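Novice: One file: structure.txt (compact mmCIF, C-alpha atoms).
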```txt
# COMPACT_ATOMS: atom_id res chain seq x y z
CA MET V 108 152.51 3.29 314.17
CA ALA V 109 149.52 2.87 311.92
CA THR V 110 147.01 4.61 314.13
CA TYR V 111 146.97 6.00 317.67
CA THR V 112 147.10 4.61 321.19
CA HIS V 113 146.50 7.58 323.50
CA LEU V 114 144.16 10.43 322.58
CA LEU V 115 143.88 13.67 324.49
CA LEU V 116 140.89 15.98 324.46
CA ALA V 117 141.56 19.32 326.09
CA THR V 118 138.20 20.82 326.88
CA ASP V 119 137.20 24.34 327.78
CA PHE V 120 133.57 23.36 328.46
CA MET V 121 132.28 25.43 325.54
CA PRO V 122 128.76 24.53 324.33
CA GLU V 123 130.37 22.31 321.70
CA ALA V 124 132.28 20.27 324.31
CA GLU V 125 129.70 17.51 324.39
CA GLN V 126 129.60 17.05 320.62
CA LEU V 127 133.38 17.15 320.50
CA GLY V 128 133.55 14.66 323.38
CA ALA V 129 131.25 12.26 321.56
CA ARG V 130 133.50 12.34 318.48
CA ALA V 131 136.58 11.88 320.66
CA ARG V 132 135.03 8.82 322.28
CA GLU V 133 134.07 7.38 318.88
CA LEU V 134 137.58 7.88 317.56
CA ALA V 135 139.22 6.37 320.65
CA HIS V 136 136.93 3.38 320.25
CA GLY V 137 137.76 3.13 316.53
CA PHE V 138 141.50 3.23 317.23
CA GLY V 139 141.29 0.98 320.29
CA ALA V 140 143.01 3.87 322.07
CA ARG V 141 142.89 5.35 325.54
CA LEU V 142 141.20 8.74 325.92
CA SER V 143 142.30 11.33 328.45
CA LEU V 144 140.47 14.55 329.28
CA VAL V 145 142.20 17.67 330.51
CA HIS V 146 141.07 21.12 331.43
CA VAL V 147 143.65 23.83 331.97
CA LEU V 148 143.19 26.53 334.59
CA GLU V 149 145.25 29.40 333.30
CA PRO V 150 147.13 31.62 335.74
CA SER V 151 145.49 34.71 334.25
CA VAL V 152 142.23 33.51 335.76
CA LEU V 153 143.71 32.75 339.14
CA ALA V 154 146.21 35.57 339.49
CA PRO V 155 145.76 38.60 337.25
CA PRO V 156 149.20 39.97 336.47
CA TYR V 157 148.25 43.60 336.85
CA GLU V 158 148.65 45.27 340.21
CA MET V 159 145.81 47.60 339.34
CA MET V 160 143.43 44.64 339.02
CA PRO V 161 141.30 44.07 342.08
CA SER V 162 142.20 40.93 343.97
CA LEU V 163 139.80 38.05 343.60
CA PRO V 164 137.59 37.66 346.64
CA ASP V 165 138.79 35.02 349.09
CA GLY V 166 137.70 31.56 348.05
CA THR V 167 137.26 32.43 344.38
CA GLU V 168 140.22 30.37 343.32
CA GLN V 169 138.96 27.34 345.18
CA ALA V 170 135.44 27.84 343.81
CA LEU V 171 136.81 28.00 340.24
CA GLU V 172 138.78 24.82 340.79
CA GLU V 173 135.80 23.00 342.21
CA ALA V 174 133.53 24.13 339.39
CA ALA V 175 136.11 23.01 336.81
CA GLN V 176 136.55 19.65 338.51
CA GLN V 177 132.78 19.12 338.56
CA ALA V 178 132.44 20.01 334.88
CA LEU V 179 135.34 17.68 334.05
CA ASP V 180 133.77 14.85 336.03
CA ARG V 181 130.39 15.39 334.37
CA LEU V 182 131.94 15.24 330.89
CA GLY V 183 134.10 12.28 331.91
CA GLU V 184 131.05 10.34 333.07
CA GLN V 185 129.18 11.11 329.85
CA LEU V 186 132.14 9.88 327.81
CA GLU V 187 132.92 6.96 330.11
CA VAL V 188 136.41 8.28 330.73
CA PRO V 189 137.48 6.95 334.15
CA SER V 190 138.39 9.50 336.80
CA VAL V 191 142.06 8.48 336.66
CA SER V 192 142.10 9.84 333.08
CA ARG V 193 140.54 13.21 333.95
CA HIS V 194 143.12 15.87 334.71
CA LEU V 195 142.86 19.42 335.95
CA LEU V 196 146.07 21.17 334.91
CA TYR V 197 147.51 24.55 335.87
CA GLY V 198 149.51 26.97 333.78
CA SER V 199 149.42 28.22 330.22
CA VAL V 200 147.40 26.00 327.88
CA ARG V 201 150.25 25.52 325.43
CA ARG V 202 152.77 24.59 328.07
CA ALA V 203 150.40 22.44 330.14
CA VAL V 204 149.19 20.48 327.11
CA ALA V 205 152.67 20.09 325.63
CA ASP V 206 153.99 18.79 328.97
CA PHE V 207 151.04 16.44 329.41
CA VAL V 208 151.55 15.04 325.90
CA THR V 209 155.21 14.33 326.66
CA ASP V 210 154.68 12.97 330.19
CA HIS V 211 151.78 10.69 329.23
CA GLN V 212 152.90 9.53 325.78
CA VAL V 213 149.87 11.08 324.08
CA ASP V 214 150.12 10.56 320.33
CA LEU V 215 147.08 12.49 319.12
CA VAL V 216 145.53 15.68 320.45
CA LEU V 217 141.95 16.49 319.43
CA VAL V 218 140.66 20.00 318.95
CA GLY V 219 137.43 21.30 317.47
CA SER V 220 137.14 23.55 314.45
CA HIS V 221 133.97 25.22 313.35
CA GLY V 222 132.61 28.10 311.36
CA ARG V 223 133.14 28.94 307.76
CA HIS V 224 136.83 29.42 308.12
CA GLY V 225 137.98 26.16 309.67
CA VAL V 226 140.70 26.56 312.23
CA GLU V 227 140.68 30.30 311.75
CA ARG V 228 137.76 30.12 314.15
CA LEU V 229 138.50 27.46 316.66
CA LEU V 230 136.91 26.69 319.97
CA GLY V 231 138.49 29.65 321.67
CA SER V 232 142.08 30.17 322.54
CA THR V 233 142.53 26.68 323.94
CA ALA V 234 142.41 24.92 320.59
CA SER V 235 144.52 27.55 318.93
CA ALA V 236 147.27 27.30 321.54
CA ILE V 237 147.24 23.52 321.30
CA LEU V 238 147.58 23.52 317.53
CA GLN V 239 150.63 25.69 317.89
CA ALA V 240 152.39 23.82 320.67
CA ALA V 241 151.49 20.12 320.72
CA PRO V 242 154.58 17.98 320.13
CA CYS V 243 152.50 15.30 318.37
CA ASP V 244 149.83 14.99 315.71
CA VAL V 245 146.77 17.19 316.08
CA LEU V 246 143.35 16.38 314.66
CA ALA V 247 141.03 19.31 314.03
CA LEU V 248 137.49 17.93 314.18
CA ARG V 249 134.96 19.78 312.07
CA LEU V 250 131.82 20.15 314.10
CA ASP V 251 128.40 19.30 312.65
CA GLY V 252 126.43 21.79 310.64
CA GLN V 253 129.53 23.74 309.70
CA GLY V 254 130.39 23.56 306.04
CA GLY V 255 133.48 24.86 304.32
CA ASP V 256 133.86 28.17 302.56
CA MET F 156 131.58 7.21 311.78
CA ALA F 157 134.24 5.83 314.06
CA THR F 158 137.21 6.41 311.76
CA TYR F 159 137.73 7.49 308.16
CA THR F 160 137.06 6.07 304.72
CA HIS F 161 138.69 8.48 302.26
CA LEU F 162 141.91 10.31 303.05
CA LEU F 163 143.34 13.11 300.97
CA LEU F 164 146.97 14.16 300.90
CA ALA F 165 147.54 17.43 299.10
CA THR F 166 151.21 17.58 298.22
CA ASP F 167 153.39 20.43 297.12
CA PHE F 168 156.42 18.16 296.55
CA MET F 169 158.39 19.76 299.35
CA PRO F 170 161.35 17.72 300.65
CA GLU F 171 159.08 16.36 303.39
CA ALA F 172 156.54 15.02 300.88
CA GLU F 173 157.93 11.51 300.98
CA GLN F 174 157.90 11.25 304.78
CA LEU F 175 154.41 12.73 304.85
CA GLY F 176 153.32 10.34 302.13
CA ALA F 177 154.61 7.35 304.08
CA ARG F 178 152.58 8.40 307.14
CA ALA F 179 149.51 8.99 304.96
CA ARG F 180 149.84 5.50 303.53
CA GLU F 181 150.23 3.99 307.01
CA LEU F 182 147.15 5.81 308.27
CA ALA F 183 145.05 4.85 305.25
CA HIS F 184 146.08 1.25 305.83
CA GLY F 185 145.25 1.53 309.54
CA PHE F 186 141.81 2.96 308.79
CA GLY F 187 141.14 0.62 305.89
CA ALA F 188 140.59 3.84 303.93
CA ARG F 189 141.19 4.98 300.37
CA LEU F 190 144.03 7.48 299.84
CA SER F 191 143.92 10.16 297.15
CA LEU F 192 146.76 12.46 296.17
CA VAL F 193 146.27 15.91 294.76
CA HIS F 194 148.60 18.66 293.64
CA VAL F 195 147.17 22.09 292.92
CA LEU F 196 148.54 24.29 290.16
CA GLU F 197 147.66 27.79 291.24
CA PRO F 198 146.68 30.38 288.65
CA SER F 199 149.36 32.75 289.94
CA VAL F 200 151.93 30.34 288.54
CA LEU F 201 150.23 29.96 285.20
CA ALA F 202 148.91 33.48 284.64
CA PRO F 203 150.47 36.31 286.62
CA PRO F 204 147.77 38.89 287.24
CA TYR F 205 149.98 41.90 286.56
CA GLU F 206 150.16 43.35 283.09
CA MET F 207 153.65 44.55 283.82
CA MET F 208 154.83 40.98 284.40
CA PRO F 209 156.57 39.49 281.42
CA SER F 210 154.57 36.75 279.76
CA LEU F 211 155.75 33.23 280.38
CA PRO F 212 157.65 31.84 277.43
CA ASP F 213 155.52 29.67 275.16
CA GLY F 214 155.31 26.14 276.45
CA THR F 215 156.07 27.03 280.08
CA GLU F 216 152.56 26.25 281.24
CA GLN F 217 152.62 22.87 279.59
CA ALA F 218 156.10 22.15 280.96
CA LEU F 219 154.94 22.99 284.50
CA GLU F 220 151.94 20.73 284.12
CA GLU F 221 154.05 17.88 282.83
CA ALA F 222 156.60 18.27 285.61
CA ALA F 223 153.84 18.32 288.22
CA GLN F 224 152.17 15.26 286.71
CA GLN F 225 155.49 13.39 286.72
CA ALA F 226 156.17 14.29 290.36
CA LEU F 227 152.64 13.23 291.29
CA ASP F 228 153.04 9.92 289.47
CA ARG F 229 156.39 9.28 291.11
CA LEU F 230 154.94 9.89 294.58
CA GLY F 231 151.84 7.87 293.72
CA GLU F 232 153.96 4.90 292.68
CA GLN F 233 156.01 5.10 295.88
CA LEU F 234 152.83 5.14 297.96
CA GLU F 235 151.01 2.58 295.82
CA VAL F 236 148.25 5.07 295.10
CA PRO F 237 146.72 4.05 291.74
CA SER F 238 146.78 6.61 288.95
CA VAL F 239 142.99 7.02 289.11
CA SER F 240 143.50 8.47 292.62
CA ARG F 241 146.18 10.99 291.58
CA HIS F 242 144.74 14.35 290.65
CA LEU F 243 146.26 17.49 289.21
CA LEU F 244 143.91 20.35 290.12
CA TYR F 245 143.79 23.96 288.97
CA GLY F 246 142.83 27.06 290.91
CA SER F 247 143.42 28.37 294.39
CA VAL F 248 144.54 25.70 296.85
CA ARG F 249 141.73 26.43 299.30
CA ARG F 250 138.99 26.33 296.69
CA ALA F 251 140.42 23.35 294.78
CA VAL F 252 140.87 21.25 297.91
CA ALA F 253 137.48 22.23 299.40
CA ASP F 254 135.75 21.33 296.12
CA PHE F 255 137.64 18.06 295.84
CA VAL F 256 136.69 17.13 299.41
CA THR F 257 133.03 17.75 298.65
CA ASP F 258 132.97 16.12 295.22
CA HIS F 259 134.85 12.98 296.31
CA GLN F 260 133.44 12.50 299.83
CA VAL F 261 136.83 12.93 301.46
CA ASP F 262 136.45 12.74 305.23
CA LEU F 263 140.00 13.47 306.36
CA VAL F 264 142.59 15.80 304.88
CA LEU F 265 146.23 15.31 305.89
CA VAL F 266 148.72 18.13 306.18
CA GLY F 267 152.21 18.23 307.62
CA SER F 268 153.32 20.38 310.51
CA HIS F 269 156.92 20.84 311.52
CA GLY F 270 159.26 23.12 313.34
CA ARG F 271 159.13 24.29 316.88
CA HIS F 272 155.84 26.07 316.47
CA GLY F 273 153.55 23.38 315.10
CA VAL F 274 151.13 24.62 312.52
CA GLU F 275 152.51 28.11 312.76
CA ARG F 276 155.17 26.73 310.42
CA LEU F 277 153.47 24.39 308.05
CA LEU F 278 154.63 22.94 304.80
CA GLY F 279 154.21 26.17 302.94
CA SER F 280 151.03 27.93 302.00
CA THR F 281 149.34 24.76 300.78
CA ALA F 282 148.84 23.26 304.22
CA SER F 283 147.85 26.56 305.73
CA ALA F 284 145.17 27.21 303.11
CA ILE F 285 143.85 23.69 303.55
CA LEU F 286 143.57 24.01 307.33
CA GLN F 287 141.51 27.13 306.83
CA ALA F 288 139.17 25.88 304.14
CA ALA F 289 138.66 22.12 304.31
CA PRO F 290 135.00 21.27 304.98
CA CYS F 291 136.00 18.13 306.90
CA ASP F 292 138.39 16.99 309.60
CA VAL F 293 142.05 17.91 309.14
CA LEU F 294 144.94 15.95 310.65
CA ALA F 295 148.18 17.88 311.14
CA LEU F 296 150.96 15.30 311.09
CA ARG F 297 154.01 16.20 313.12
CA LEU F 298 157.05 15.30 311.08
CA ASP F 299 159.93 13.33 312.63
CA GLY F 300 162.69 15.01 314.52
CA GLN F 301 160.55 17.99 315.36
CA GLY F 302 159.78 18.33 319.04
CA GLY F 303 157.44 20.76 320.70
CA ASP F 304 158.32 24.12 322.18
```
Kindly present the structure from the file in structure tokens form.

Specialist:
Amino acid sequence: MATYTHLLLATDFMPEAEQLGARARELAHGFGARLSLVHVLEPSVLAPPYEMMPSLPDGTEQALEEAAQQALDRLGEQLEVPSVSRHLLYGSVRRAVADFVTDHQVDLVLVGSHGRHGVERLLGSTASAILQAAPCDVLALRLDGQGGD
Amino acid sequence: MATYTHLLLATDFMPEAEQLGARARELAHGFGARLSLVHVLEPSVLAPPYEMMPSLPDGTEQALEEAAQQALDRLGEQLEVPSVSRHLLYGSVRRAVADFVTDHQVDLVLVGSHGRHGVERLLGSTASAILQAAPCDVLALRLDGQGGD
């Protein structure tokens, strides 16, 4: 395999998501590859593990899901990723992404890196978990206006 | 920029170097990009900072340099990287690679990841330092026979 056929961008809708999405689209185009978008809803959001934590008000879970789906669709439309390639996943980021990679023959996962310390400061815990767990190549994209050390 | 024009593989001559080199060559070919090889001789090897440390025997430094240059040339020949694109650098890995990237307009640095925990277990400190410091995109290549979690 000289280059890649199926790229995956896992997005957490951070402010940088659009810039990252634009680079992902460019790369997919350059490789002649498919691009999938996923967003992972972690169980900690939906069901806090501590009994002492107050329960989420009724409907919160559904509202979170709907908001995530809308954000995913908005990004997908911007990037011209068809709805069949936009996925809302549930579970831990590392497990959900690793499973998705295996189930959908993804061969390159894209994450963003920024700040003066490269991947030491990634786009939140999502990117970090992915770098650790993805069973395929991972490309850390340096975002604009962020030099090295 | 849709894909990449100048790839850099920083090698520490680990057993995986050949496999990593083959993937680097494939990718460079796929991108129509130039491939440079560097090996960094860190000052800790050449000049231990502790006064209590015994001095290296005369000629050790030169012998290390010659051995590194030979290993670099051997890998370069295997990968058909011309000698003008093989570089022996001096200093800390992070600084040497970051400077090289800037000075030579490298746009993608390649490192290897392996083991069950992705970049948590990289090819030694070289790859780890590079991931932290490179002022450009970094591609972590998953080596063969190494699945995810």

Novice: Counting only C-alpha atoms, which residues sit no farther than 8 Å from the position (147.4, 12.6, 320.5) in the file's frame? I'd like them as a compact mmCIF listing (two decimals) with C-alpha atoms, in the coordinates of the input.

Specialist:
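Okay, part-v3.txt is ready:
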```txt
# COMPACT_ATOMS: atom_id res chain seq x y z
CA TYR V 111 146.97 6.00 317.67
CA HIS V 113 146.50 7.58 323.50
CA LEU V 114 144.16 10.43 322.58
CA LEU V 115 143.88 13.67 324.49
CA VAL V 208 151.55 15.04 325.90
CA VAL V 213 149.87 11.08 324.08
CA ASP V 214 150.12 10.56 320.33
CA LEU V 215 147.08 12.49 319.12
CA VAL V 216 145.53 15.68 320.45
CA LEU V 217 141.95 16.49 319.43
CA CYS V 243 152.50 15.30 318.37
CA ASP V 244 149.83 14.99 315.71
CA VAL V 245 146.77 17.19 316.08
```

Novice: With only C-alpha atoms as the atoms that count, which of V:Ala131, V:Val191, V:Ala117, V:Ala178 lies nearest to chain F?

Specialist: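 Nearest candidate to chain F out of V:Ala131, V:Val191, V:Ala117, V:Ala178: V:Ala131.
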
Novice: I'd like the interatomic distance between atom CA of Glu187 of chain V and atom CA of Arg132 of chain V, to a tenth of an Å.

Specialist: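 Between atom CA of Glu187 of chain V and atom CA of Arg132 of chain V the gap is 8.3 Å.
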
Novice: Would you list the contacts of Leu192 of chain F as a list in words, taking every protein, DNA or RNA residue within 9 Å and counting only C-alpha atoms, but skipping same-chain residues closer than 5 positions in sequence?

Specialist: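 Counting only C-alpha atoms, the residues come to Leu162, Leu163, Leu164, Ala165, Thr166, Leu227, Leu230, Gly231, Val236, Ser240, Arg241, His242 and Leu243 of chain F.
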
Novice: Just to confirm, what's the straight-line distance from atom CA of Leu296 of chain F to atom CA of Glu221 of chain F in Å (one decimal)?

Specialist: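 Value for the atom CA of Leu296 of chain F-atom CA of Glu221 of chain F distance: 28.5 Å.
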
Novice: Kindly indicate which residue among V:Leu134, V:Ala203, V:Ala175, V:Leu142 lies nearest to chain F, using all atoms listed in the file for the distances.

Specialist: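 Looking only at the distances to chain F, the closest residue turns out to be V:Leu134.
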
Novice: Interatomic distance between atom CA of Leu196 of chain F and atom CA of Glu232 of chain F?

Specialist: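 Computed distance, atom CA of Leu196 of chain F to atom CA of Glu232 of chain F, equals 20.3 Å.
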
Novice: Find the residue from V:Gly166, V:Pro189, V:Gly198, V:Gly137 that sits nearest to chain F; use only C-alpha atoms when measuring.

Specialist: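 Selected residue with least distance to chain F: V:Gly137.
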
Novice: Closest to chain F among V:Ala170, V:Met121, V:Phe207, V:Phe138, using all atoms listed in the file?

Specialist: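 With all atoms listed in the file as the atom set, the closest residue is V:Phe138.
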
Novice: So, with only C-alpha atoms as the atoms that count, which of V:Val145, V:Ala135, V:Leu171, V:Leu196 lies closest to chain F?

Specialist: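 The shortest atom-to-atom distance to chain F comes from V:Ala135.
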
Novice: Reconstruct all heavy atoms of segment 241-252 of chain F; output as a CSV table (one decimal), in the coordinates of the input.

Specialist:
```csv
chain,number,residue,atom,x,y,z
F,241,ARG,N,145.2,9.9,291.6
F,241,ARG,CA,146.2,11.0,291.6
F,241,ARG,C,145.6,12.1,290.7
F,241,ARG,O,145.2,11.9,289.6
F,241,ARG,CB,147.5,10.6,290.9
F,241,ARG,CG,148.1,9.3,291.5
F,241,ARG,CD,149.3,8.8,290.6
F,241,ARG,NE,149.6,7.4,290.9
F,241,ARG,CZ,150.3,6.6,290.1
F,241,ARG,NH1,150.7,7.1,288.9
F,241,ARG,NH2,150.5,5.4,290.4
F,242,HIS,N,145.5,13.3,291.3
F,242,HIS,CA,144.7,14.4,290.6
F,242,HIS,C,145.5,15.6,290.6
F,242,HIS,O,146.0,16.1,291.6
F,242,HIS,CB,143.4,14.7,291.4
F,242,HIS,CG,142.5,13.5,291.4
F,242,HIS,ND1,141.5,13.2,290.5
F,242,HIS,CD2,142.4,12.4,292.3
F,242,HIS,CE1,140.9,12.1,290.8
F,242,HIS,NE2,141.4,11.6,291.9
F,243,LEU,N,145.7,16.2,289.4
F,243,LEU,CA,146.3,17.5,289.2
F,243,LEU,C,145.1,18.5,289.1
F,243,LEU,O,144.2,18.3,288.3
F,243,LEU,CB,147.1,17.5,287.9
F,243,LEU,CG,148.2,18.5,287.8
F,243,LEU,CD1,149.2,18.4,288.9
F,243,LEU,CD2,148.9,18.3,286.4
F,244,LEU,N,145.0,19.4,290.1
F,244,LEU,CA,143.9,20.4,290.1
F,244,LEU,C,144.4,21.7,289.7
F,244,LEU,O,145.6,22.0,289.8
F,244,LEU,CB,143.3,20.4,291.5
F,244,LEU,CG,142.9,19.0,292.1
F,244,LEU,CD1,142.3,19.3,293.6
F,244,LEU,CD2,141.8,18.3,291.3
F,245,TYR,N,143.5,22.6,289.4
F,245,TYR,CA,143.8,24.0,289.0
F,245,TYR,C,143.0,24.9,289.8
F,245,TYR,O,141.8,24.7,290.0
F,245,TYR,CB,143.5,24.2,287.5
F,245,TYR,CG,144.3,23.2,286.6
F,245,TYR,CD1,143.8,21.9,286.4
F,245,TYR,CD2,145.5,23.5,286.1
F,245,TYR,CE1,144.5,21.0,285.6
F,245,TYR,CE2,146.3,22.6,285.4
F,245,TYR,CZ,145.8,21.3,285.1
F,245,TYR,OH,146.5,20.4,284.4
F,246,GLY,N,143.6,26.0,290.2
F,246,GLY,CA,142.8,27.1,290.9
F,246,GLY,C,143.5,27.4,292.2
F,246,GLY,O,144.7,27.0,292.4
F,247,SER,N,142.8,28.1,293.1
F,247,SER,CA,143.4,28.4,294.4
F,247,SER,C,143.4,27.1,295.2
F,247,SER,O,142.5,26.2,295.1
F,247,SER,CB,142.6,29.4,295.1
F,247,SER,OG,141.4,28.9,295.6
F,248,VAL,N,144.4,26.9,296.1
F,248,VAL,CA,144.5,25.7,296.8
F,248,VAL,C,143.3,25.5,297.7
F,248,VAL,O,142.7,24.4,297.7
F,248,VAL,CB,145.8,25.7,297.7
F,248,VAL,CG1,145.7,24.6,298.8
F,248,VAL,CG2,147.0,25.6,296.9
F,249,ARG,N,142.9,26.6,298.4
F,249,ARG,CA,141.7,26.4,299.3
F,249,ARG,C,140.5,26.0,298.6
F,249,ARG,O,139.7,25.2,299.0
F,249,ARG,CB,141.5,27.6,300.2
F,249,ARG,CG,141.4,29.0,299.5
F,249,ARG,CD,141.4,30.1,300.5
F,249,ARG,NE,140.2,30.0,301.4
F,249,ARG,CZ,140.3,30.3,302.7
F,249,ARG,NH1,141.4,30.8,303.2
F,249,ARG,NH2,139.2,30.2,303.5
F,250,ARG,N,140.2,26.6,297.4
F,250,ARG,CA,139.0,26.3,296.7
F,250,ARG,C,139.1,24.9,296.1
F,250,ARG,O,138.2,24.1,296.1
F,250,ARG,CB,138.8,27.4,295.6
F,250,ARG,CG,137.7,27.1,294.6
F,250,ARG,CD,136.3,26.8,295.1
F,250,ARG,NE,135.9,27.9,296.0
F,250,ARG,CZ,134.9,27.7,296.9
F,250,ARG,NH1,134.3,26.5,297.1
F,250,ARG,NH2,134.5,28.7,297.6
F,251,ALA,N,140.2,24.6,295.5
F,251,ALA,CA,140.4,23.4,294.8
F,251,ALA,C,140.3,22.2,295.8
F,251,ALA,O,139.6,21.2,295.5
F,251,ALA,CB,141.8,23.3,294.1
F,252,VAL,N,140.9,22.3,296.9
F,252,VAL,CA,140.9,21.2,297.9
F,252,VAL,C,139.5,21.1,298.5
F,252,VAL,O,138.9,20.0,298.6
F,252,VAL,CB,141.9,21.4,299.0
F,252,VAL,CG1,141.7,20.5,300.2
F,252,VAL,CG2,143.3,21.2,298.4
```
